[in-house]
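Everything below belongs to data_26.cif, which stores mmCIF, C-alpha atoms.
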data_final
loop_
_atom_site.label_atom_id
_atom_site.label_comp_id
_atom_site.auth_asym_id
_atom_site.auth_seq_id
_atom_site.Cartn_x
_atom_site.Cartn_y
_atom_site.Cartn_z
CA MET A 6 9.51 -31.93 8.48
CA ILE A 7 9.15 -28.41 9.90
CA SER A 8 7.53 -27.29 6.65
CA VAL A 9 4.84 -29.94 7.20
CA TYR A 10 3.81 -28.39 10.51
CA ILE A 11 3.89 -24.91 8.98
CA ASP A 12 1.45 -26.19 6.36
CA PHE A 13 -0.93 -27.22 9.16
CA ILE A 14 -0.82 -23.65 10.49
CA ARG A 15 -1.53 -22.29 7.01
CA MET A 16 -4.37 -24.72 6.32
CA ARG A 17 -6.13 -23.98 9.60
CA PHE A 18 -5.73 -20.23 8.98
CA LEU A 19 -7.31 -20.58 5.52
CA THR A 20 -10.10 -22.75 6.91
CA MET A 21 -10.91 -20.08 9.48
CA LEU A 22 -10.77 -17.45 6.74
CA ALA A 23 -13.53 -19.29 4.87
CA TYR A 24 -15.85 -18.76 7.86
CA ARG A 25 -14.63 -15.30 8.83
CA VAL A 26 -18.14 -13.80 9.06
CA ASN A 27 -18.62 -15.68 12.34
CA TYR A 28 -15.57 -13.97 13.77
CA TYR A 29 -16.51 -10.52 12.57
CA SER A 30 -19.73 -10.90 14.52
CA GLY A 31 -17.58 -12.16 17.38
CA ILE A 32 -15.99 -8.71 17.65
CA ALA A 33 -19.39 -7.32 18.59
CA ILE A 34 -19.91 -10.12 21.12
CA TYR A 35 -16.55 -9.49 22.75
CA ALA A 36 -17.25 -5.75 22.80
CA ILE A 37 -20.47 -6.50 24.70
CA ASN A 38 -18.57 -8.72 27.15
CA ILE A 39 -15.99 -6.00 27.71
CA GLY A 40 -18.70 -3.36 28.08
CA SER A 41 -20.59 -5.46 30.63
CA ALA A 42 -17.45 -6.06 32.65
CA TYR A 43 -16.47 -2.38 32.41
CA PHE A 44 -19.76 -1.12 33.87
CA ILE A 45 -19.77 -3.78 36.58
CA TRP A 46 -16.26 -2.85 37.69
CA LYS A 47 -17.11 0.84 37.43
CA ALA A 48 -19.90 0.23 39.95
CA VAL A 49 -17.56 -1.82 42.14
CA TYR A 50 -14.97 0.97 42.21
CA GLY A 51 -17.50 3.69 42.96
CA ASP A 52 -15.54 6.59 44.45
CA ASN A 53 -12.45 4.45 45.16
CA ALA A 54 -9.37 5.45 43.24
CA VAL A 55 -7.58 2.11 43.70
CA LEU A 56 -8.83 -1.42 44.39
CA GLY A 57 -6.81 -4.61 44.33
CA GLY A 58 -3.71 -2.64 43.39
CA MET A 59 -5.34 -1.29 40.21
CA THR A 60 -6.74 2.12 39.35
CA SER A 61 -10.08 2.22 37.55
CA GLU A 62 -8.27 3.13 34.32
CA GLN A 63 -5.90 0.18 34.70
CA MET A 64 -8.87 -2.08 35.30
CA SER A 65 -10.56 -0.87 32.10
CA THR A 66 -7.38 -1.57 30.17
CA TYR A 67 -6.93 -4.94 31.87
CA ILE A 68 -10.47 -6.01 30.97
CA ALA A 69 -10.10 -5.02 27.31
CA ILE A 70 -6.67 -6.52 26.71
CA SER A 71 -7.53 -9.72 28.60
CA TRP A 72 -10.61 -10.40 26.49
CA MET A 73 -8.85 -9.57 23.25
CA ALA A 74 -5.89 -11.73 24.25
CA ARG A 75 -8.33 -14.56 24.95
CA ALA A 76 -9.36 -14.44 21.31
CA PHE A 77 -5.77 -15.36 20.41
CA TYR A 78 -5.03 -18.10 22.95
CA PHE A 79 -8.54 -19.62 22.99
CA ASN A 80 -9.14 -22.79 20.97
CA ASN A 81 -11.24 -25.94 20.98
CA LEU A 82 -8.43 -28.47 20.77
CA ASP A 83 -9.94 -30.42 23.65
CA GLN A 84 -13.22 -30.89 21.76
CA GLU A 85 -11.42 -31.75 18.51
CA ILE A 86 -9.23 -34.39 20.15
CA SER A 87 -12.14 -35.82 22.11
CA ARG A 88 -14.25 -36.09 18.95
CA GLU A 89 -11.44 -37.80 17.02
CA ILE A 90 -10.96 -40.29 19.84
CA ARG A 91 -14.65 -41.12 20.00
CA ASP A 92 -15.08 -41.64 16.24
CA GLY A 93 -11.78 -43.50 15.92
CA SER A 94 -10.14 -41.16 13.40
CA VAL A 95 -7.31 -40.63 15.88
CA ALA A 96 -6.09 -44.14 15.00
CA ILE A 97 -5.43 -43.01 11.43
CA GLN A 98 -3.64 -39.90 12.73
CA MET A 99 -1.35 -42.08 14.85
CA ILE A 100 0.06 -44.02 11.90
CA ARG A 101 0.83 -40.95 9.82
CA PRO A 102 4.44 -39.68 9.66
CA TYR A 103 4.05 -36.78 12.07
CA GLN A 104 3.49 -36.12 15.75
CA TYR A 105 -0.24 -35.99 16.44
CA LEU A 106 0.01 -33.61 19.40
CA ALA A 107 2.36 -31.28 17.51
CA VAL A 108 -0.12 -31.16 14.63
CA LYS A 109 -2.94 -30.24 17.01
CA MET A 110 -0.81 -27.50 18.53
CA MET A 111 0.00 -26.07 15.08
CA GLN A 112 -3.66 -26.17 14.06
CA GLY A 113 -4.51 -24.26 17.21
CA LEU A 114 -1.78 -21.75 16.37
CA GLY A 115 -3.21 -21.24 12.89
CA GLU A 116 -6.59 -20.51 14.46
CA GLY A 117 -4.97 -18.18 16.99
CA LEU A 118 -3.13 -16.21 14.30
CA PHE A 119 -6.39 -15.77 12.40
CA ARG A 120 -8.13 -14.47 15.50
CA LEU A 121 -5.18 -12.18 16.29
CA LEU A 122 -5.07 -10.54 12.86
CA LEU A 123 -8.78 -10.40 12.04
CA PHE A 124 -10.30 -10.29 15.51
CA SER A 125 -8.06 -9.09 18.33
CA ILE A 126 -6.29 -6.19 16.59
CA PRO A 127 -9.38 -4.63 14.92
CA GLY A 128 -11.41 -5.44 18.02
CA MET A 129 -8.92 -3.61 20.25
CA VAL A 130 -9.12 -0.56 17.99
CA ILE A 131 -12.92 -0.51 18.24
CA VAL A 132 -12.91 -1.07 22.01
CA SER A 133 -10.35 1.72 22.46
CA LEU A 134 -12.83 4.13 20.90
CA LEU A 135 -15.64 3.03 23.21
CA PHE A 136 -13.96 2.74 26.62
CA PRO A 137 -11.24 4.65 28.51
CA ILE A 138 -8.25 2.45 27.72
CA ARG A 139 -4.64 3.45 28.19
CA LEU A 140 -2.20 1.74 25.85
CA PRO A 141 1.44 1.47 27.01
CA LEU A 142 3.97 3.74 25.32
CA ASP A 143 7.07 1.74 26.26
CA PRO A 144 8.11 -0.58 23.38
CA VAL A 145 9.65 -2.96 25.94
CA THR A 146 6.20 -3.47 27.45
CA TRP A 147 4.75 -4.31 24.04
CA LEU A 148 7.61 -6.72 23.33
CA ALA A 149 7.26 -8.43 26.71
CA PHE A 150 3.50 -8.69 26.29
CA SER A 151 3.89 -10.21 22.82
CA VAL A 152 6.29 -12.86 24.12
CA MET A 153 3.99 -13.60 27.06
CA MET A 154 1.00 -14.02 24.75
CA ILE A 155 2.86 -16.76 22.88
CA PHE A 156 3.40 -18.63 26.13
CA SER A 157 -0.23 -17.98 27.09
CA PHE A 158 -1.28 -19.75 23.92
CA PHE A 159 0.98 -22.76 24.49
CA ILE A 160 0.07 -23.16 28.18
CA ASN A 161 -3.66 -22.91 27.46
CA SER A 162 -3.30 -25.33 24.54
CA GLN A 163 -1.38 -27.82 26.69
CA ILE A 164 -4.21 -27.81 29.24
CA ASN A 165 -6.74 -28.20 26.42
CA ILE A 166 -4.86 -31.14 24.92
CA LEU A 167 -4.59 -32.84 28.31
CA THR A 168 -8.33 -32.43 28.78
CA GLY A 169 -9.04 -33.76 25.30
CA LEU A 170 -6.82 -36.81 25.85
CA SER A 171 -8.93 -37.71 28.88
CA ALA A 172 -11.41 -39.12 26.36
CA PHE A 173 -9.07 -42.12 26.09
CA PHE A 174 -9.89 -42.96 29.70
CA LEU A 175 -13.45 -41.61 30.02
CA GLU A 176 -16.29 -42.60 27.75
CA ASN A 177 -17.69 -39.07 28.08
CA ASN A 178 -15.42 -36.20 29.11
CA GLU A 179 -17.90 -33.42 28.28
CA GLY A 180 -18.28 -32.44 31.93
CA LEU A 181 -14.52 -32.29 32.40
CA MET A 182 -14.13 -30.02 29.37
CA ARG A 183 -16.80 -27.65 30.66
CA MET A 184 -15.20 -27.56 34.11
CA LYS A 185 -11.82 -26.84 32.53
CA ARG A 186 -13.19 -23.91 30.54
CA VAL A 187 -14.83 -22.34 33.61
CA ALA A 188 -11.67 -22.91 35.68
CA ILE A 189 -9.44 -21.20 33.11
CA ASP A 190 -11.72 -18.17 32.70
CA LEU A 191 -12.10 -17.75 36.46
CA PHE A 192 -8.70 -18.68 37.87
CA SER A 193 -6.61 -17.19 35.06
CA GLY A 194 -7.82 -13.71 36.00
CA LEU A 195 -10.03 -13.13 32.98
CA ILE A 196 -13.18 -12.54 35.03
CA ILE A 197 -11.58 -11.44 38.32
CA PRO A 198 -7.90 -10.42 38.57
CA MET A 199 -5.93 -12.52 41.05
CA SER A 200 -5.21 -9.48 43.22
CA PHE A 201 -8.94 -9.32 44.07
CA PHE A 202 -9.02 -12.83 45.51
CA PRO A 203 -8.62 -13.35 49.29
CA GLY A 204 -4.99 -13.64 50.38
CA TRP A 205 -5.10 -17.41 50.88
CA ALA A 206 -6.78 -17.97 47.50
CA GLU A 207 -4.26 -15.75 45.73
CA GLN A 208 -1.43 -17.78 47.26
CA VAL A 209 -3.01 -21.04 46.14
CA LEU A 210 -3.52 -19.73 42.60
CA SER A 211 0.11 -18.59 42.46
CA PHE A 212 1.09 -22.29 42.53
CA LEU A 213 -1.16 -23.13 39.57
CA PRO A 214 -0.55 -22.51 35.85
CA PHE A 215 -3.73 -20.47 35.29
CA GLN A 216 -2.15 -17.11 36.23
CA ALA A 217 0.33 -17.52 33.37
CA ILE A 218 -2.49 -17.45 30.82
CA THR A 219 -4.19 -14.11 31.49
CA TYR A 220 -3.27 -12.40 34.75
CA LEU A 221 0.49 -12.04 34.27
CA PRO A 222 0.36 -10.76 30.65
CA GLY A 223 -2.51 -8.41 31.53
CA SER A 224 -0.64 -7.05 34.56
CA VAL A 225 2.44 -6.36 32.43
CA PHE A 226 0.33 -4.57 29.81
CA THR A 227 -1.38 -2.34 32.38
CA GLY A 228 1.85 -1.48 34.19
CA ASN A 229 1.09 -3.40 37.38
CA ILE A 230 4.18 -5.48 36.74
CA VAL A 231 7.25 -3.45 35.77
CA GLY A 232 11.04 -3.66 35.66
CA THR A 233 12.68 -6.93 36.61
CA ALA A 234 9.30 -8.29 37.69
CA ILE A 235 8.42 -8.59 33.99
CA LEU A 236 11.30 -11.01 33.49
CA GLN A 237 10.16 -12.97 36.55
CA ALA A 238 6.66 -13.20 35.08
CA ILE A 239 8.06 -14.58 31.82
CA VAL A 240 10.15 -17.11 33.78
CA ILE A 241 6.95 -18.31 35.49
CA GLN A 242 5.38 -18.85 32.09
CA ILE A 243 8.44 -20.73 30.83
CA PHE A 244 8.37 -22.90 33.96
CA TRP A 245 4.74 -23.90 33.42
CA PHE A 246 5.27 -24.48 29.72
CA ILE A 247 8.06 -26.95 30.52
CA ALA A 248 6.29 -28.44 33.56
CA LEU A 249 3.15 -29.27 31.55
CA LEU A 250 5.21 -31.19 28.99
CA LEU A 251 5.75 -33.99 31.53
CA PRO A 252 2.08 -34.89 32.24
CA LEU A 253 1.31 -34.33 28.55
CA ASN A 254 3.85 -36.95 27.49
CA ILE A 255 2.86 -39.37 30.25
CA VAL A 256 -0.84 -39.17 29.40
CA TRP A 257 -0.11 -39.48 25.67
CA ARG A 258 2.02 -42.61 26.17
CA GLN A 259 -0.62 -44.22 28.34
CA ALA A 260 -3.39 -43.17 25.95
CA ARG A 261 -1.70 -44.83 22.98
CA LYS A 262 -1.83 -48.14 24.81
CA ARG A 263 -5.59 -48.06 25.09
CA LEU A 264 -7.67 -46.92 22.15
CA PHE A 265 -11.36 -47.40 22.83
CA VAL A 266 -13.45 -46.35 19.83
CA GLN A 267 -17.06 -45.37 20.38
CA GLY A 268 -18.71 -45.88 17.05
CA GLY A 269 -17.00 -46.24 13.71
#

Using the file provided, produce a representation of the structure as structure tokens.
Amino acid sequence: MISVYIDFIRMRFLTMLAYRVNYYSGIAIYAINIGSAYFIWKAVYGDNAVLGGMTSEQMSTYIAISWMARAFYFNNLDQEISREIRDGSVAIQMIRPYQYLAVKMMQGLGEGLFRLLLFSIPGMVIVSLLFPIRLPLDPVTWLAFSVMMIFSFFINSQINILTGLSAFFLENNEGLMRMKRVAIDLFSGLIIPMSFFPGWAEQVLSFLPFQAITYLPGSVFTGNIVGTAILQAIVIQIFWFIALLLPLNIVWRQARKRLFVQGG
């Protein structure tokens, strides 16, 4: 059975490979996003050596690694699931001898691996030549960051799947999906690191899963989180990964009881 899910990873990877030109151009787009953010933050820092607990060099590194990490954990599982619910093809998926949600997760992983190998890694090399980025020398930091990126993918995908499943209960969940995407980019620390939020807002965000997607891995990579705090950051990610399984299973069980097909 495990080999079946591995095949879904492989098939999605090969599908993405067939349209790889789009992602090569995406490297340029991400480089522009990183460049825009770099110059904005450079203006914000001005003559200040440290802001929000980060030096300007750490901020440059944080921006670059966060955007390149996003290429790995980002996916459109919410849109895929929503579309399959609306056209009724999800009904066929339900009667097949595999777990629908597990298949979606593996398809997202196949897409993420493609982006990692053909987008994030070459993109990071290019960005490193354009902007002052400091890569960590400690292999433990690289190992911790790699593990945290895996959890970033799963946590982001869980939120995406939950959003996609809302189509079972809403005739049109397009607005919810857009709100989710903005919330993740903003509250995860991709656009603004959590340490730059007001104290009360930072405390509120610390009780939400968004920090586990971008801010914590980025802080480990830049050296803002070191020593035993790295293990604590990973524990937070593990907690949210497990915690999100509960609402995911509840929503899925309720969704299976009511299949409303729009079209056919």

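Nearest residue to Ala42 of chain A, choosing from A:Leu251, A:Leu195, A:Val55, A:Phe124 and counting only C-alpha atoms: A:Leu195.
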
| field | Output check: residues returned by the PyMOL selection byres ((chain A and resi 84) around 10), as an NGL selection string | value | :A and (80-83 or 85-90 or 165-166 or 168-170 or 172 or 178-179 or 182)

Convert the current residue selection to file output with C-alpha atoms, as an mmCIF file, in the frame of the given file.
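Listing of out-v5.cif after writing:
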data_model
loop_
_atom_site.group_PDB
_atom_site.id
_atom_site.type_symbol
_atom_site.label_atom_id
_atom_site.label_comp_id
_atom_site.auth_asym_id
_atom_site.auth_seq_id
_atom_site.Cartn_x
_atom_site.Cartn_y
_atom_site.Cartn_z
ATOM 1 C CA ASN A 80 -9.140 -22.790 20.970
ATOM 2 C CA ASN A 81 -11.240 -25.940 20.980
ATOM 3 C CA LEU A 82 -8.430 -28.470 20.770
ATOM 4 C CA ASP A 83 -9.940 -30.420 23.650
ATOM 5 C CA GLU A 85 -11.420 -31.750 18.510
ATOM 6 C CA ILE A 86 -9.230 -34.390 20.150
ATOM 7 C CA SER A 87 -12.140 -35.820 22.110
ATOM 8 C CA ARG A 88 -14.250 -36.090 18.950
ATOM 9 C CA GLU A 89 -11.440 -37.800 17.020
ATOM 10 C CA ILE A 90 -10.960 -40.290 19.840
ATOM 11 C CA ASN A 165 -6.740 -28.200 26.420
ATOM 12 C CA ILE A 166 -4.860 -31.140 24.920
ATOM 13 C CA THR A 168 -8.330 -32.430 28.780
ATOM 14 C CA GLY A 169 -9.040 -33.760 25.300
ATOM 15 C CA LEU A 170 -6.820 -36.810 25.850
ATOM 16 C CA ALA A 172 -11.410 -39.120 26.360
ATOM 17 C CA ASN A 178 -15.420 -36.200 29.110
ATOM 18 C CA GLU A 179 -17.900 -33.420 28.280
ATOM 19 C CA MET A 182 -14.130 -30.020 29.370
#

| request: For the structure provided, state which residues fall under the PyMOL selection byres ((chain A and resi 111) around 9), and present them as number ranges by chain. | output: A: 10-14, 17, 106-110, 112-116

| task | For the structure shown, which residues end up in the PyMOL selection byres ((chain A and resi 146-149) around 9)? Put them as number ranges by chain, please? | result | A: 141-145, 150-154, 222, 225-226, 228, 231, 235-236, 239

| message | At a cut-off of 12 Å, using all atoms listed in the file, what residues contact Ile138 of chain A? Leave out same-chain residues fewer than 6 positions from it and give the result as a PyMOL selection string. | response | chain A and resi 39-40+43+60-70+129-132+226-227

| message | Excluding Phe18 of chain A and its own-chain neighbours fewer than 2 positions away, which residues fall within 6 Å of it when counting all atoms listed in the file? Please give them as a VMD selection string. | response | chain A and resid 15 to 16 20 to 21 115 to 116 119

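Straight-line separation from atom CA of Phe173 of chain A to atom CA of Arg75 of chain A: 27.6 Å.
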
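Nearest to Phe244 of chain A of all the residues A:Leu167, A:Ile32, A:Leu213, A:Met73 is A:Leu213, based on all atoms listed in the file.
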
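Using all atoms listed in the file, the shortest contact distance between Arg261 of chain A and any of A:Val240, A:Ile100, A:Arg183, A:Ser8 is found at A:Ile100.
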
| request: Between A:Gly194, A:Gly128, A:Pro137, A:Pro252, single out the one closest to Ile218 of chain A, counting only C-alpha atoms. | output: A:Gly194

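Shortest atom-to-atom contact with Ile197 of chain A among A:Gly93, A:Gly223, A:Pro127, A:Pro214: A:Gly223, counting all atoms listed in the file.
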
| note | re atom CA of Ser171 of chain A and atom CA of Leu19 of chain A: distance 29.0 Å

| query | In terms of the shortest atom-to-atom distance over all atoms listed in the file, which of A:Leu123, A:Ala206, A:Gln163, A:Val256 is closest to Ser30 of chain A? | reply |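 Using all atoms listed in the file, Ser30 of chain A sits closest to A:Leu123.
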
Let me have the centre and edge lengths of the axis-aligned box enclosing all listed atoms of segment 73-85 of chain A with 4 Å padding on every side, in Å to one decimal, as JSON.
{"center_x": -9.1, "center_y": -20.7, "center_z": 21.7, "size_x": 16.2, "size_y": 30.2, "size_z": 14.4}
